[in-house]
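Student: Contents of query06.csv (CSV, C-alpha atoms and all ligand atoms):
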chain,number,residue,atom,x,y,z
P,40,MET,CA,-6.6,-16.7,16.0
P,41,LYS,CA,-4.0,-19.2,14.7
P,42,ILE,CA,-0.4,-17.9,14.5
P,43,VAL,CA,1.7,-19.6,11.9
P,44,ASP,CA,5.4,-18.8,11.8
P,45,SER,CA,6.7,-21.0,9.0
P,46,VAL,CA,6.1,-21.3,5.3
P,47,SER,CA,5.7,-25.1,5.4
P,48,ARG,CA,3.1,-25.0,8.2
P,49,MET,CA,1.2,-22.2,6.4
P,50,SER,CA,1.2,-24.2,3.1
P,51,THR,CA,-0.2,-27.2,5.1
P,52,PHE,CA,-2.9,-25.1,6.6
P,53,THR,CA,-3.8,-23.6,3.2
P,54,ARG,CA,-4.3,-27.1,1.9
P,55,LEU,CA,-6.6,-27.9,4.8
P,56,LEU,CA,-8.7,-24.8,4.1
P,57,LYS,CA,-9.0,-25.7,0.4
P,58,LYS,CA,-10.1,-29.2,1.3
P,59,GLU,CA,-12.8,-27.8,3.5
P,60,ALA,CA,-13.8,-25.5,0.5
P,61,LYS,CA,-13.3,-22.4,2.6
P,62,THR,CA,-12.7,-19.1,0.7
P,63,ILE,CA,-9.5,-17.3,1.7
P,64,GLY,CA,-9.3,-13.5,2.0
P,65,PHE,CA,-5.7,-12.3,2.3
P,66,VAL,CA,-4.3,-9.1,3.8
P,67,PRO,CA,-0.5,-8.8,3.3
P,68,THR,CA,1.2,-6.3,5.6
P,69,MET,CA,4.6,-5.3,7.0
P,70,GLY,CA,3.0,-5.0,10.5
P,71,TYR,CA,2.9,-2.1,13.0
P,72,LEU,CA,-0.8,-2.4,12.4
P,73,HIS,CA,-3.1,0.6,12.2
P,74,GLU,CA,-6.7,1.3,11.1
P,75,GLY,CA,-5.7,1.2,7.4
P,76,HIS,CA,-4.6,-2.5,7.8
P,77,LEU,CA,-7.6,-3.3,10.0
P,78,SER,CA,-10.0,-1.9,7.4
P,79,LEU,CA,-8.7,-4.5,5.0
P,80,VAL,CA,-9.3,-7.2,7.5
P,81,ARG,CA,-12.8,-6.1,7.9
P,82,ALA,CA,-13.4,-6.3,4.2
P,83,ALA,CA,-11.9,-9.8,4.1
P,84,LYS,CA,-14.2,-10.8,7.0
P,85,LYS,CA,-17.2,-9.6,5.1
P,86,HIS,CA,-16.4,-11.4,1.8
P,87,ASP,CA,-14.5,-14.5,2.7
P,88,ASP,CA,-14.8,-17.5,5.1
P,89,THR,CA,-11.2,-17.2,6.4
P,90,ALA,CA,-9.2,-14.0,6.9
P,91,VAL,CA,-5.5,-14.5,6.6
P,92,MET,CA,-3.1,-11.7,7.4
P,93,SER,CA,0.7,-11.8,6.9
P,94,ILE,CA,3.2,-9.7,8.7
P,95,PHE,CA,6.6,-9.6,7.0
P,96,VAL,CA,9.0,-6.7,6.6
P,97,ASN,CA,10.3,-7.6,3.2
P,98,PRO,CA,14.0,-6.8,3.0
P,99,ILE,CA,14.2,-6.9,-0.9
P,100,GLN,CA,11.8,-4.0,-1.3
P,101,PHE,CA,14.0,-1.6,0.6
P,102,GLY,CA,16.8,0.3,-1.0
P,103,PRO,CA,20.3,0.2,0.7
P,104,LYS,CA,19.7,3.7,2.2
P,105,GLU,CA,16.1,3.1,3.2
P,106,ASP,CA,14.6,2.3,6.6
P,107,PHE,CA,14.6,-1.6,6.6
P,108,ASP,CA,16.5,-1.8,9.9
P,109,LYS,CA,14.5,0.9,11.7
P,110,TYR,CA,11.1,0.1,10.2
P,111,PRO,CA,8.8,-0.1,13.3
P,112,ARG,CA,8.1,-3.7,14.5
P,113,ASP,CA,6.0,-4.8,17.5
P,114,PHE,CA,4.7,-8.3,17.1
P,115,LYS,CA,2.9,-8.5,20.5
P,116,ARG,CA,1.0,-5.3,19.8
P,117,ASP,CA,0.2,-6.5,16.2
P,118,GLU,CA,-1.0,-9.8,17.5
P,119,GLU,CA,-3.6,-8.2,19.8
P,120,LEU,CA,-4.8,-5.8,17.1
P,121,ALA,CA,-5.1,-8.6,14.6
P,122,ARG,CA,-7.0,-10.8,17.1
P,123,SER,CA,-9.4,-8.0,18.0
P,124,ALA,CA,-10.1,-7.3,14.3
P,125,GLY,CA,-11.0,-10.9,13.8
P,126,VAL,CA,-8.0,-12.2,11.8
P,127,ASP,CA,-8.3,-16.0,11.7
P,128,VAL,CA,-4.8,-16.8,10.7
P,129,LEU,CA,-1.7,-14.6,11.3
P,130,PHE,CA,1.2,-15.7,9.1
P,131,TYR,CA,4.5,-14.4,10.4
P,132,PRO,CA,7.4,-15.9,8.5
P,133,SER,CA,11.1,-15.2,9.0
P,134,VAL,CA,13.4,-13.7,6.4
P,135,LYS,CA,15.4,-16.9,6.3
P,136,ASP,CA,12.3,-19.0,5.6
P,137,MET,CA,11.1,-16.7,2.8
P,138,TYR,CA,14.6,-16.2,1.2
P,139,PRO,CA,16.7,-19.2,2.0
P,140,HIS,CA,20.3,-19.4,1.0
P,141,GLY,CA,20.5,-19.5,-2.8
P,142,TYR,CA,17.1,-17.9,-3.4
P,143,ALA,CA,17.1,-16.8,-7.1
P,144,THR,CA,13.6,-16.0,-8.5
P,145,TYR,CA,12.1,-12.5,-8.9
P,146,VAL,CA,9.0,-11.0,-10.5
P,147,ALA,CA,9.2,-7.8,-12.6
P,148,VAL,CA,6.0,-6.1,-13.7
P,149,GLU,CA,7.5,-3.9,-16.4
P,150,ALA,CA,6.6,-0.3,-17.3
P,151,LEU,CA,4.2,0.2,-14.3
P,152,SER,CA,7.1,-0.4,-11.9
P,153,SER,CA,9.3,2.4,-13.2
P,154,ALA,CA,6.5,5.1,-13.0
P,155,LEU,CA,5.9,7.3,-10.0
P,156,CYS,CA,7.6,5.8,-6.9
P,157,GLY,CA,9.5,3.4,-9.1
P,158,ALA,CA,11.6,6.3,-10.4
P,159,SER,CA,13.0,7.2,-7.0
P,160,ARG,CA,12.9,3.7,-5.5
P,161,PRO,CA,14.6,1.5,-8.2
P,162,GLY,CA,13.9,-2.2,-7.5
P,163,HIS,CA,11.2,-1.4,-4.9
P,164,PHE,CA,8.3,-2.9,-6.9
P,165,LYS,CA,10.3,-5.9,-8.1
P,166,GLY,CA,10.7,-6.6,-4.4
P,167,VAL,CA,7.0,-6.0,-3.7
P,168,ALA,CA,5.8,-8.1,-6.7
P,169,THR,CA,8.2,-10.9,-5.7
P,170,VAL,CA,7.1,-11.2,-2.1
P,171,VAL,CA,3.4,-10.9,-2.9
P,172,ALA,CA,3.8,-13.6,-5.6
P,173,LYS,CA,5.4,-15.8,-3.0
P,174,LEU,CA,2.8,-15.1,-0.4
P,175,PHE,CA,0.0,-15.8,-2.9
P,176,GLY,CA,1.7,-19.2,-3.6
P,177,ILE,CA,1.7,-20.0,0.1
P,178,VAL,CA,-1.7,-18.6,1.1
P,179,ARG,CA,-3.5,-19.2,-2.2
P,180,PRO,CA,-6.1,-16.6,-1.6
P,181,ASP,CA,-9.4,-16.2,-3.4
P,182,ILE,CA,-9.3,-12.4,-2.8
P,183,ALA,CA,-6.4,-10.2,-1.7
P,184,TYR,CA,-7.0,-6.8,-0.3
P,185,PHE,CA,-4.7,-3.8,-0.8
P,186,GLY,CA,-5.1,-0.1,0.2
P,187,GLN,CA,-5.5,2.7,-2.2
P,188,LYS,CA,-2.9,4.5,0.0
P,189,ASP,CA,-0.4,2.6,-2.0
P,190,ALA,CA,-2.3,2.8,-5.3
P,191,GLN,CA,0.6,2.0,-7.6
P,192,GLN,CA,1.4,-1.1,-5.6
P,193,ALA,CA,-2.3,-2.3,-5.9
P,194,ILE,CA,-2.3,-1.6,-9.6
P,195,ILE,CA,1.0,-3.5,-10.1
P,196,ILE,CA,-0.2,-6.5,-8.1
P,197,LYS,CA,-3.4,-6.6,-10.1
P,198,LYS,CA,-1.4,-6.6,-13.3
P,199,MET,CA,0.9,-9.3,-12.0
P,200,ALA,CA,-2.1,-11.5,-10.9
P,201,GLU,CA,-3.7,-11.1,-14.3
P,202,ASP,CA,-0.5,-11.6,-16.4
P,203,LEU,CA,0.5,-14.7,-14.4
P,204,HIS,CA,-3.0,-16.2,-14.3
P,205,MET,CA,-2.8,-16.4,-10.5
P,206,GLY,CA,-6.5,-16.8,-10.0
P,207,VAL,CA,-6.7,-14.3,-7.3
P,208,GLU,CA,-9.0,-11.3,-7.3
P,209,ILE,CA,-7.3,-8.0,-6.2
P,210,LYS,CA,-9.5,-5.5,-4.4
P,211,MET,CA,-8.3,-2.0,-3.8
P,212,MET,CA,-9.9,-0.5,-0.7
P,213,PRO,CA,-10.2,3.2,0.3
P,214,THR,CA,-7.4,5.1,2.1
P,215,ILE,CA,-8.1,5.4,5.9
P,216,ARG,CA,-7.2,8.9,7.2
P,217,GLU,CA,-6.8,10.5,10.6
P,218,PRO,CA,-9.7,12.9,11.5
P,219,ASP,CA,-7.7,15.8,10.1
P,220,GLY,CA,-7.0,14.1,6.7
P,221,LEU,CA,-3.5,12.7,7.1
P,222,ALA,CA,-3.3,9.3,5.5
P,223,ILE,CA,-2.5,6.8,8.2
P,224,SER,CA,0.9,5.1,7.8
P,225,SER,CA,3.2,3.1,10.0
P,226,ARG,CA,5.9,5.7,9.1
P,227,ASN,CA,3.9,8.6,10.7
P,228,ILE,CA,5.5,7.7,14.0
P,229,TYR,CA,8.8,9.1,12.7
P,230,LEU,CA,7.3,12.6,12.4
P,231,THR,CA,7.9,15.4,15.0
P,232,ASP,CA,4.9,17.5,16.0
P,233,ASP,CA,5.9,20.3,13.6
P,234,GLU,CA,6.4,17.8,10.7
P,235,ARG,CA,3.1,16.1,11.6
P,236,SER,CA,1.4,19.4,11.2
P,237,ASP,CA,3.2,20.3,7.9
P,238,ALA,CA,2.4,16.8,6.5
P,239,LEU,CA,-1.2,17.8,6.4
P,240,VAL,CA,-0.4,19.8,3.3
P,241,LEU,CA,-0.3,16.5,1.3
P,242,SER,CA,-4.0,15.6,1.8
P,243,ARG,CA,-5.0,19.3,1.7
P,244,SER,CA,-3.4,19.9,-1.6
P,245,LEU,CA,-4.9,16.7,-3.0
P,246,GLU,CA,-8.3,17.9,-1.8
P,247,ARG,CA,-7.7,21.2,-3.5
P,248,ALA,CA,-6.7,19.5,-6.7
P,249,GLY,CA,-9.9,17.3,-6.6
P,250,HIS,CA,-11.9,20.5,-6.1
P,251,LEU,CA,-10.4,22.2,-9.1
P,252,ILE,CA,-11.0,19.1,-11.3
P,253,LYS,CA,-14.5,18.6,-10.1
P,254,HIS,CA,-15.2,22.3,-11.0
P,255,GLY,CA,-14.0,21.7,-14.6
P,256,GLU,CA,-10.2,22.1,-14.7
P,257,LYS,CA,-8.9,19.8,-17.3
P,258,ASN,CA,-5.3,21.1,-17.6
P,259,PRO,CA,-3.0,18.9,-15.5
P,260,LYS,CA,-0.3,21.7,-15.5
P,261,LYS,CA,-2.6,24.1,-13.7
P,262,VAL,CA,-3.6,21.5,-11.1
P,263,LEU,CA,0.0,20.5,-10.6
P,264,THR,CA,1.0,24.1,-10.1
P,265,ALA,CA,-1.8,24.5,-7.4
P,266,ILE,CA,-0.5,21.5,-5.6
P,267,ASN,CA,3.2,22.5,-5.8
P,268,ASP,CA,2.5,26.0,-4.6
P,269,MET,CA,0.7,24.8,-1.5
P,270,ILE,CA,3.4,22.3,-0.7
P,271,LYS,CA,6.2,24.8,-1.1
P,272,GLU,CA,4.8,26.9,1.7
P,273,LYS,CA,5.7,24.2,4.2
P,274,PRO,CA,9.3,24.4,5.2
P,275,SER,CA,9.8,20.8,6.3
P,276,VAL,CA,8.2,19.3,3.2
P,277,LYS,CA,10.3,18.5,0.1
P,278,ILE,CA,8.5,17.2,-3.0
P,279,ASP,CA,9.8,14.0,-4.6
P,280,TYR,CA,7.1,14.0,-7.3
P,281,VAL,CA,3.6,15.1,-7.9
P,282,SER,CA,1.9,13.4,-10.8
P,283,ILE,CA,-1.5,13.2,-12.6
P,284,ALA,CA,-1.6,9.9,-14.4
P,285,GLY,CA,-4.0,7.3,-15.9
P,286,THR,CA,-5.1,4.7,-13.4
P,287,LYS,CA,-4.3,1.8,-15.8
P,288,ASP,CA,-0.9,2.7,-17.3
P,289,LEU,CA,0.3,5.2,-14.7
P,290,LYS,CA,1.4,7.5,-17.5
P,291,GLU,CA,1.1,11.3,-17.0
P,292,VAL,CA,-1.9,12.7,-18.8
P,293,ASP,CA,-2.0,15.7,-21.2
P,294,THR,CA,-5.6,16.4,-20.4
P,295,ILE,CA,-7.7,15.3,-17.4
P,296,GLY,CA,-10.3,12.8,-18.7
P,297,SER,CA,-12.6,10.3,-17.0
P,298,GLU,CA,-10.4,8.9,-14.3
P,299,VAL,CA,-7.0,10.0,-13.0
P,300,LEU,CA,-4.7,9.2,-10.2
P,301,ILE,CA,-3.2,12.3,-8.5
P,302,ALA,CA,-0.2,11.1,-6.5
P,303,ILE,CA,2.3,12.8,-4.3
P,304,ALA,CA,5.5,11.6,-2.7
P,305,ALA,CA,7.3,14.0,-0.4
P,306,TYR,CA,9.9,14.0,2.3
P,307,VAL,CA,8.6,15.5,5.5
P,308,GLY,CA,11.8,16.1,7.4
P,309,ARG,CA,13.6,12.7,6.8
P,310,THR,CA,10.4,10.7,6.4
P,311,ARG,CA,9.1,9.9,2.9
P,312,LEU,CA,5.3,10.0,2.8
P,313,ILE,CA,2.9,9.2,-0.1
P,314,ASP,CA,-0.7,10.1,-0.6
P,315,ASN,CA,-3.1,10.1,-3.6
P,316,ILE,CA,-6.6,10.5,-4.7
P,317,ILE,CA,-8.5,9.0,-7.7
P,318,ILE,CA,-10.8,11.4,-9.4
P,319,LYS,CA,-13.6,9.7,-11.4
P,320,ALA,CA,-15.9,11.0,-14.0
P,321,ALA,CA,-14.6,14.6,-14.1
P,322,LEU,CA,-16.2,15.0,-17.5
P,323,SER,CA,-18.7,17.6,-16.7
P,324,ALA,CA,-18.2,20.6,-14.4
P,325,ILE,CA,-20.2,20.5,-11.1
P,326,PRO,CA,-22.0,23.8,-10.5
P,327,LYS,CA,-21.1,25.6,-7.2
H,401,LIG,P1,2.1,-1.9,4.7
H,401,LIG,O1,2.1,-2.6,6.0
H,401,LIG,O2,2.4,-0.5,4.8
H,401,LIG,O3,2.9,-2.7,3.7
H,401,LIG,O4,0.6,-2.0,4.2
H,401,LIG,C1,-0.1,-3.2,4.0
H,401,LIG,C2,-1.4,-2.9,3.3
H,401,LIG,O5,-2.2,-1.9,4.0
H,401,LIG,C3,-1.2,-2.3,1.9
H,401,LIG,O6,-2.2,-2.9,1.0
H,401,LIG,C4,-1.4,-0.9,2.1
H,401,LIG,O7,-1.9,-0.2,1.0
H,401,LIG,C5,-2.5,-0.9,3.2
H,401,LIG,N1,-2.6,0.4,3.9
H,401,LIG,C6,-1.6,1.0,4.5
H,401,LIG,N2,-2.0,2.2,5.0
H,401,LIG,C7,-3.3,2.3,4.7
H,401,LIG,C8,-4.3,3.3,4.9
H,401,LIG,N3,-4.1,4.4,5.5
H,401,LIG,N4,-5.6,3.1,4.4
H,401,LIG,C9,-5.8,1.9,3.7
H,401,LIG,N5,-4.9,0.9,3.5
H,401,LIG,C10,-3.7,1.1,3.9
Give the structure from this file in structure tokens form.
Tutor:
Amino acid sequence: MKIVDSVSRMSTFTRLLKKEAKTIGFVPTMGYLHEGHLSLVRAAKKHDDTAVMSIFVNPIQFGPKEDFDKYPRDFKRDEELARSAGVDVLFYPSVKDMYPHGYATYVAVEALSSALCGASRPGHFKGVATVVAKLFGIVRPDIAYFGQKDAQQAIIIKKMAEDLHMGVEIKMMPTIREPDGLAISSRNIYLTDDERSDALVLSRSLERAGHLIKHGEKNPKKVLTAINDMIKEKPSVKIDYVSIAGTKDLKEVDTIGSEVLIAIAAYVGRTRLIDNIIIKAALSAIPK
């Protein structure tokens, strides 16, 4: 595995790969790697000649009161995990290299970025779209892999890549969960044992919602009530939002049609967690 810690060296290496006509699969991350990240690497290994992973905790996507400073970082551990998953190139730039003095260019994907998490994290998706656009410019991937865990992010990046003719295919891969259903996240290490146990209500309420819809429920209000009622039973969990939205425009739906995103953001203690499911083809009720 090659470790590249500067933008200019990565750009040079990208040119070499292009010259050799190697396809590039790209997995952007903020590190503190886990199975969710590694599943994306495995997808890249399967489809592309070269798997490039970036590790960069992007300051401009964190709000002033968010956890940029305390976001978990452990490069040695990440290096080992990336190597064992088969990453070919690990790109690990510094903040100074990515945002030199006088940096001035930002990417805003309108409408989609103010829905769901965008409402409580203003500027977050502008930071995400900007860093991903920059990383795409440096790595020039054929395919970039994102997790459904952050479905809104994947949908926004897909829109950006299309709108700006970036020539990269965006693949959204399934959410990897702990055996009990909790979506794996680098932020799960912040949870106490009690919070970890209460946090399970996120995946369980989504499962319940999926069950209701698959059995014919088309009224989003009823499904939202079922989710809210389950979550309210857990003392350490405070809902930020629960939403049932279209997967293309992220707008809340009046009636549950062929494909919806059911997304939750909640504080478990002081930790903000997100989870979601996409329910497809709920058009006909499934008999019990
Ligand atoms: P992050 O390091 O949190 O910015 O995540 C980097 C990439 O890994 C993003 O595309 C995430 O959606 C994806 N990811 C994070 N957690 C999971 C998970 N549990 N399952 C699948 N993908 C994930």
Student: Using all atoms listed in the file, pick whichever of P:Gly176, P:Gly308, P:Gly64, P:Pro259 has the shortest atom-to-atom distance to Val276 (chain P).
Tutor: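 Selected residue with least distance to Val276 (chain P): P:Gly308.
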Student: Could you please determine the separation between CA of Phe52 (chain P) and CA of Ile94 (chain P) in Å, to one decimal place?
Tutor: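 It comes out at 16.7 Å.
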Student: Around the point (-14.2, -14.1, 1.7), in the coordinates given by the file, pick out the residues reaching within 6 Å, counting all atoms listed in the file, and return them as a list in words.
Tutor: Thr62, Ile63, Gly64, Ala83, His86, Asp87 and Asp88 of chain P
Student: Could you turn the residues from that selection into a file that holds C-alpha atoms, as a CSV table (one decimal), keeping the file's coordinate frame?
Tutor:
chain,number,residue,atom,x,y,z
P,62,THR,CA,-12.7,-19.1,0.7
P,63,ILE,CA,-9.5,-17.3,1.7
P,64,GLY,CA,-9.3,-13.5,2.0
P,83,ALA,CA,-11.9,-9.8,4.1
P,86,HIS,CA,-16.4,-11.4,1.8
P,87,ASP,CA,-14.5,-14.5,2.7
P,88,ASP,CA,-14.8,-17.5,5.1
Student: Between P:Ile303, P:Leu203, P:Leu263, P:Ile99, which is the closest to His163 (chain P) once you count all atoms listed in the file?
Tutor: P:Ile99
Student: Could you list, as a list of chain:residue names, all the residues within 6 Å of ligand LIG 401 (chain H), counting only C-alpha atoms and all ligand atoms?
Tutor: P:Pro67, P:Thr68, P:Met69, P:Gly70, P:Gly75, P:His76, P:Phe185, P:Gly186, P:Gln187, P:Lys188, P:Asp189, P:Pro213, P:Thr214, P:Ile215, P:Arg216, P:Ala222, P:Ile223, P:Ser224
Student: Filtering to C-alpha atoms, could you give me those residues as a PDB file, in the frame of the given file?
Tutor:
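What landed in part.pdb:
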ATOM      1  CA  PRO P  67      -0.500  -8.800   3.300  1.00  0.00           C
ATOM      2  CA  THR P  68       1.200  -6.300   5.600  1.00  0.00           C
ATOM      3  CA  MET P  69       4.600  -5.300   7.000  1.00  0.00           C
ATOM      4  CA  GLY P  70       3.000  -5.000  10.500  1.00  0.00           C
ATOM      5  CA  GLY P  75      -5.700   1.200   7.400  1.00  0.00           C
ATOM      6  CA  HIS P  76      -4.600  -2.500   7.800  1.00  0.00           C
ATOM      7  CA  PHE P 185      -4.700  -3.800  -0.800  1.00  0.00           C
ATOM      8  CA  GLY P 186      -5.100  -0.100   0.200  1.00  0.00           C
ATOM      9  CA  GLN P 187      -5.500   2.700  -2.200  1.00  0.00           C
ATOM     10  CA  LYS P 188      -2.900   4.500   0.000  1.00  0.00           C
ATOM     11  CA  ASP P 189      -0.400   2.600  -2.000  1.00  0.00           C
ATOM     12  CA  PRO P 213     -10.200   3.200   0.300  1.00  0.00           C
ATOM     13  CA  THR P 214      -7.400   5.100   2.100  1.00  0.00           C
ATOM     14  CA  ILE P 215      -8.100   5.400   5.900  1.00  0.00           C
ATOM     15  CA  ARG P 216      -7.200   8.900   7.200  1.00  0.00           C
ATOM     16  CA  ALA P 222      -3.300   9.300   5.500  1.00  0.00           C
ATOM     17  CA  ILE P 223      -2.500   6.800   8.200  1.00  0.00           C
ATOM     18  CA  SER P 224       0.900   5.100   7.800  1.00  0.00           C
TER      19      SER P 224
END
Student: Counting only C-alpha atoms, note down every residue that has an atom within 9 Å of the point (13.2, 0.5, 0.1) (file coordinates), as a JSON list (two decimals) with C-alpha atoms, in the coordinates of the input.
Tutor:
[["chain", "number", "residue", "atom", "x", "y", "z"],
["P", 98, "PRO", "CA", 14.00, -6.80, 3.00],
["P", 99, "ILE", "CA", 14.20, -6.90, -0.90],
["P", 100, "GLN", "CA", 11.80, -4.00, -1.30],
["P", 101, "PHE", "CA", 14.00, -1.60, 0.60],
["P", 102, "GLY", "CA", 16.80, 0.30, -1.00],
["P", 103, "PRO", "CA", 20.30, 0.20, 0.70],
["P", 104, "LYS", "CA", 19.70, 3.70, 2.20],
["P", 105, "GLU", "CA", 16.10, 3.10, 3.20],
["P", 106, "ASP", "CA", 14.60, 2.30, 6.60],
["P", 107, "PHE", "CA", 14.60, -1.60, 6.60],
["P", 160, "ARG", "CA", 12.90, 3.70, -5.50],
["P", 161, "PRO", "CA", 14.60, 1.50, -8.20],
["P", 162, "GLY", "CA", 13.90, -2.20, -7.50],
["P", 163, "HIS", "CA", 11.20, -1.40, -4.90],
["P", 166, "GLY", "CA", 10.70, -6.60, -4.40]]
Student: Nearest residue to Lys253 (chain P) out of P:Ser225, P:Thr231, P:Asn267, P:Ser297, using all atoms listed in the file?
Tutor: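 Checking each of P:Ser225, P:Thr231, P:Asn267, P:Ser297 against Lys253 (chain P), counting all atoms listed in the file, the winner is P:Ser297.
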Student: Considering all atoms listed in the file, state which residue in the set P:Leu245, P:Ala121, P:Ala90, P:Ala168 is at the smallest distance from Ile301 (chain P).
Tutor: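 For Ile301 (chain P), the nearest of the candidates is P:Leu245.
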Student: Please provide the set of residues having any atom within 8 Å of region 131-142 of chain P, restricted to all atoms listed in the file, with same-chain residues fewer than 4 positions apart removed, written as an NGL selection string.
Tutor: :P and (42-46 or 93-95 or 97-98)
Student: Could you check the closest approach to Met212 (chain P) for each of P:Lys109, P:Arg81, P:Lys57, P:His254 and tell me which residue wins, using all atoms listed in the file?
Tutor: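 Among P:Lys109, P:Arg81, P:Lys57, P:His254, it is P:Arg81 that comes nearest to Met212 (chain P).
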Student: Measuring atom to atom with all atoms listed in the file, identify which of P:Thr294, P:Val281, P:Tyr229, P:Ser47 is nearest to Asn258 (chain P).
Tutor: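 For Asn258 (chain P), the nearest of the candidates is P:Thr294.
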Student: For Tyr306 (chain P), list every protein, DNA or RNA residue within 7 Å, evaluated using all atoms listed in the file, and leave out those in the same chain fewer than 3 positions away; present the list as a ChimeraX atom specification.
Tutor: /P:276-279,309-312
Student: Using CA of Tyr184 (chain P) and CA of Gly249 (chain P) as the two end points, give the distance in Å to one decimal.
Tutor: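 These atoms are spaced 25.1 Å apart.
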Student: Env of region 152-156 of chain P: 9 Å cut, atoms = only C-alpha atoms, seq-sep filter 3 positions within chain, self excluded. Answer as a ChimeraX atom specification.
Tutor: /P:147-149,159-165,191-192,195,279-282,288-290,302-304,313
Student: What does the distance between CA of Pro274 (chain P) and CA of Ser236 (chain P) come to in Å, to one decimal place?
Tutor: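 Taking CA of Pro274 (chain P) and CA of Ser236 (chain P), their separation equals 11.1 Å.
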Student: Skipping near chain neighbours, those fewer than 5 positions away, what residues fall within 8 Å of Leu300 (chain P) using only C-alpha atoms, listed as a list in words?
Tutor: Ser282, Ile283, Ala284, Gly285, Thr286, Leu289, Asn315, Ile316, Ile317 and Ile318 of chain P
Student: Please, what is the axis-aligned box for every listed atom of region 158-176 of chain P with 5 Å on each side, as centre and edge lengths in Å to one decimal, as JSON?
Tutor:
{"center_x": 7.3, "center_y": -6.0, "center_z": -5.4, "size_x": 24.6, "size_y": 36.4, "size_z": 20.0}
